[in-house]
Amino acid sequence: MKEKKMTNLLAVAQQATKKVTFPKIKETDKACDIVRKFCDYYANIRRYHCHELLSQEVGALAVEVFGQDNVFTAYKVKDIMADIEGIGYDQAHFSNKLKSLFEGMSLRDEENQEHLFGEQILLTLQGSRLPATKSAEDTKRTLYLLIVDDSKVRVPLKKNLSFWRERNSQTRYGLVSFSFLELMSIHSEGIYKECSYYGNIQKIANVLKREYEDALAANLNAQYVNQSTKTIASVREDKIFQDHEMNSNTTFLDLGFSKVEVDTERYRGRDFDKEKFRVLEKEWEKLCNHLPHSTVEPELKFRKLGKHKASGLYVPGLNIMAVDVRDSSSFIHEYGHYLDYTYDKAGIISSTSHSFKDIRYIYKASLLKLIQIAEETRTDLAQAVHIKKKLDYYLTPTEVFARGFEWWVFETYTKDSELLSDEATYYSRLEYRALRQCRHLLFAFFDTFFENYRAMQPIYKVEKEPKTLVACRKPLEDKPTTEGEQLSLFEF
């Protein structure tokens, strides 16, 4: 049977009332520890995402059981004893066993922490033929599986797949939490081979450990998308104060961008410097045809991004690049995010691809080693403390991709551009120094990934000479921006 993909591992609560953290697996974790962490994770996603498994009293529920996807009749049961006959169970054979099992589990409501029995959502799958397990006799039995919504009621891990049957009966009854049932579907054997807790727990843990790094990588990228989406309200909407002539005449429109918006509003008593903006246009014109372009052109916005605590942003869902007007050095980094999400024609996010995996592993090990050295030698300690505090951010695959891309551009095409950070940054910052250990693989990846890109994209050129734009006021007699400084589009 074909192994089911781990899509269910990548769930991220996008509008949750409480942040749900992706599980952390340790080398010392036992199989039951690993499975318990993911059961809790799945349950919390549903709990804080306010996702009901069943909205009506009776409905259809699609679940993979016995190795194949099936749609079963499901019931929302509020009083299991009163409703047991109505949903098809033989009350005489079932109710006492069920009551004893539930009372022994000491189920507690997650919200109120009160002991309860009944008055919670319980789902049932009726009459599935039990696959062969320990004996041929089992094939003659019918399995009634009671699924407990563990976002409402916590089910002790070892109570999953608790089975019982009445004497001289061919009917077998079982109980499982919905999260455990989801996890059972991630390994190809499922409950085909072992319809038991112990038969599944190690298999589930093995799959989780094997696929964990890929699942974590995809989850971190999903969090990146969620975080960038939070900026939609301020970045997506056009600014009220705009220089429409500049927006419509900028050379960026001829050089790979579908729309450009520049925030030229006065800032702290300072005027926007249009001559410095022309410097950025010229810098991009020089680099433009040396770099790959996706078939979908992004929007480009120059904004004040102070409240986002970033000098640049890329919003994948909207295909918008935003660069802070006070610091242009993030331009190529954000362009790297853009290529990560849009360059692959199959729609694959390049930073989570198989070919980028070894780079991520080496980068992680290198960065952790640099942090350890900084802590031991007390050098670059402030950097190490900051990175360690935000380690998930620094190890997010798309961040590693964008960081690596800007370093590749820096080493391959130019070491002096207002669209990049200065040389000191690439040689002193820990997050860039960590790239050195995977330089060969990283540069080979970009050389291969963007192979023949010049032959596959148009030659970008400025179609007309830009108009001479008059600065808002006479520039101050400042010296030009020197190498190593970050270009600000305001007169200081």
# chains A, B, ... in the order shown; residues from 1 in each chain; ligands from 1
>>> residues_around(residues="A:Thr379", least_positions_apart="4", cutoff="12 Å", atoms="only C-alpha atoms", output="MDAnalysis selection string")
chainID A and resid 370:375 383:385 428:430
>>> write_last_selection(atoms="N, CA and C atoms", output="PDB file, in the first residue's frame")
ATOM      1  N   LEU A 370      28.601  27.747  16.100  1.00  0.00           N
ATOM      2  CA  LEU A 370      29.061  29.124  16.278  1.00  0.00           C
ATOM      3  C   LEU A 370      28.474  29.737  17.549  1.00  0.00           C
ATOM      4  N   ILE A 371      27.229  29.415  17.843  1.00  0.00           N
ATOM      5  CA  ILE A 371      26.608  29.898  19.079  1.00  0.00           C
ATOM      6  C   ILE A 371      27.342  29.327  20.290  1.00  0.00           C
ATOM      7  N   GLN A 372      27.638  28.038  20.232  1.00  0.00           N
ATOM      8  CA  GLN A 372      28.352  27.387  21.332  1.00  0.00           C
ATOM      9  C   GLN A 372      29.726  28.014  21.550  1.00  0.00           C
ATOM     10  N   ILE A 373      30.460  28.264  20.468  1.00  0.00           N
ATOM     11  CA  ILE A 373      31.791  28.876  20.560  1.00  0.00           C
ATOM     12  C   ILE A 373      31.683  30.285  21.144  1.00  0.00           C
ATOM     13  N   ALA A 374      30.686  31.036  20.711  1.00  0.00           N
ATOM     14  CA  ALA A 374      30.499  32.403  21.213  1.00  0.00           C
ATOM     15  C   ALA A 374      30.216  32.393  22.710  1.00  0.00           C
ATOM     16  N   GLU A 375      29.437  31.427  23.160  1.00  0.00           N
ATOM     17  CA  GLU A 375      29.122  31.331  24.589  1.00  0.00           C
ATOM     18  C   GLU A 375      30.350  30.925  25.403  1.00  0.00           C
ATOM     19  N   GLN A 383      25.278  38.622  19.791  1.00  0.00           N
ATOM     20  CA  GLN A 383      24.705  37.993  18.604  1.00  0.00           C
ATOM     21  C   GLN A 383      24.173  36.599  18.933  1.00  0.00           C
ATOM     22  N   ALA A 384      24.991  35.833  19.647  1.00  0.00           N
ATOM     23  CA  ALA A 384      24.617  34.448  19.967  1.00  0.00           C
ATOM     24  C   ALA A 384      23.347  34.389  20.800  1.00  0.00           C
ATOM     25  N   VAL A 385      23.251  35.263  21.779  1.00  0.00           N
ATOM     26  CA  VAL A 385      22.065  35.293  22.644  1.00  0.00           C
ATOM     27  C   VAL A 385      20.822  35.631  21.824  1.00  0.00           C
ATOM     28  N   SER A 428      31.038  38.984   9.389  1.00  0.00           N
ATOM     29  CA  SER A 428      31.081  39.052  10.849  1.00  0.00           C
ATOM     30  C   SER A 428      29.814  38.537  11.532  1.00  0.00           C
ATOM     31  N   ARG A 429      28.674  38.643  10.878  1.00  0.00           N
ATOM     32  CA  ARG A 429      27.436  38.197  11.491  1.00  0.00           C
ATOM     33  C   ARG A 429      27.384  36.666  11.519  1.00  0.00           C
ATOM     34  N   LEU A 430      27.002  36.097  12.673  1.00  0.00           N
ATOM     35  CA  LEU A 430      26.998  34.647  12.837  1.00  0.00           C
ATOM     36  C   LEU A 430      26.082  33.950  11.841  1.00  0.00           C
TER      37      LEU A 430
END
>>> residues_around(residues="A:Asn44", least_positions_apart="4", cutoff="7 Å", atoms="only C-alpha atoms", output="MDAnalysis selection string")
chainID A and resid 20 40 48 151
>>> write_last_selection(atoms="C-alpha atoms", output="short mmCIF file (atom, residue, chain, number, x, y, z; two decimals), in the first residue's frame")
data_model
loop_
_atom_site.label_atom_id
_atom_site.label_comp_id
_atom_site.auth_asym_id
_atom_site.auth_seq_id
_atom_site.Cartn_x
_atom_site.Cartn_y
_atom_site.Cartn_z
CA VAL A 20 0.09 26.36 18.99
CA ASP A 40 -1.58 16.96 21.88
CA TYR A 48 -7.74 26.74 19.48
CA SER A 151 -9.87 18.53 21.47
#
>>> residues_around(residues="A:Trp408", least_positions_apart="2", cutoff="10 Å", atoms="only C-alpha atoms", output="VMD selection string")
chain A and resid 402 to 406 410 to 414 439 442 to 443 446 to 447
>>> closest_residue(among="A:His244, A:Lys364, A:Lys415, A:Lys345", to="A:Asp392", atoms="only C-alpha atoms")
A:Lys364
>>> closest_atom_pairs(of="stretch 395-445 of chain A", to="stretch 206-225 of chain A", cutoff="7 Å", atoms="only C-alpha atoms", output="JSON lines")
{"residue": "A:Thr396", "atom": "CA", "partner": "A:Leu220", "partner_atom": "CA", "distance": 5.3}
{"residue": "A:Pro397", "atom": "CA", "partner": "A:Ala217", "partner_atom": "CA", "distance": 6.0}
{"residue": "A:Thr398", "atom": "CA", "partner": "A:Asn221", "partner_atom": "CA", "distance": 6.4}
>>> residues_around(residues="A:Val323", least_positions_apart="5", cutoff="8 Å", atoms="only C-alpha atoms", output="list in words")
Leu300, Lys301, Phe302, Arg303, Lys304, Leu305, Ser311, Gly312, Leu313, Ser328, Ser330, Phe331 and Glu334 of chain A
>>> write_last_selection(atoms="C-alpha atoms", output="PDB file, in the first residue's frame")
ATOM      1  CA  LEU A 300       7.376  46.372  -5.137  1.00  0.00           C
ATOM      2  CA  LYS A 301       6.622  48.755  -2.297  1.00  0.00           C
ATOM      3  CA  PHE A 302       8.999  51.116  -0.535  1.00  0.00           C
ATOM      4  CA  ARG A 303       7.470  51.686   2.878  1.00  0.00           C
ATOM      5  CA  LYS A 304       8.327  52.608   6.442  1.00  0.00           C
ATOM      6  CA  LEU A 305       8.331  49.198   8.101  1.00  0.00           C
ATOM      7  CA  SER A 311      13.919  46.306   6.957  1.00  0.00           C
ATOM      8  CA  GLY A 312      12.095  44.221   4.383  1.00  0.00           C
ATOM      9  CA  LEU A 313       9.143  41.861   3.918  1.00  0.00           C
ATOM     10  CA  SER A 328      17.561  49.463   1.193  1.00  0.00           C
ATOM     11  CA  SER A 330      17.186  44.028   2.404  1.00  0.00           C
ATOM     12  CA  PHE A 331      16.204  44.295  -1.276  1.00  0.00           C
ATOM     13  CA  GLU A 334      13.454  39.812  -0.112  1.00  0.00           C
TER      14      GLU A 334
END
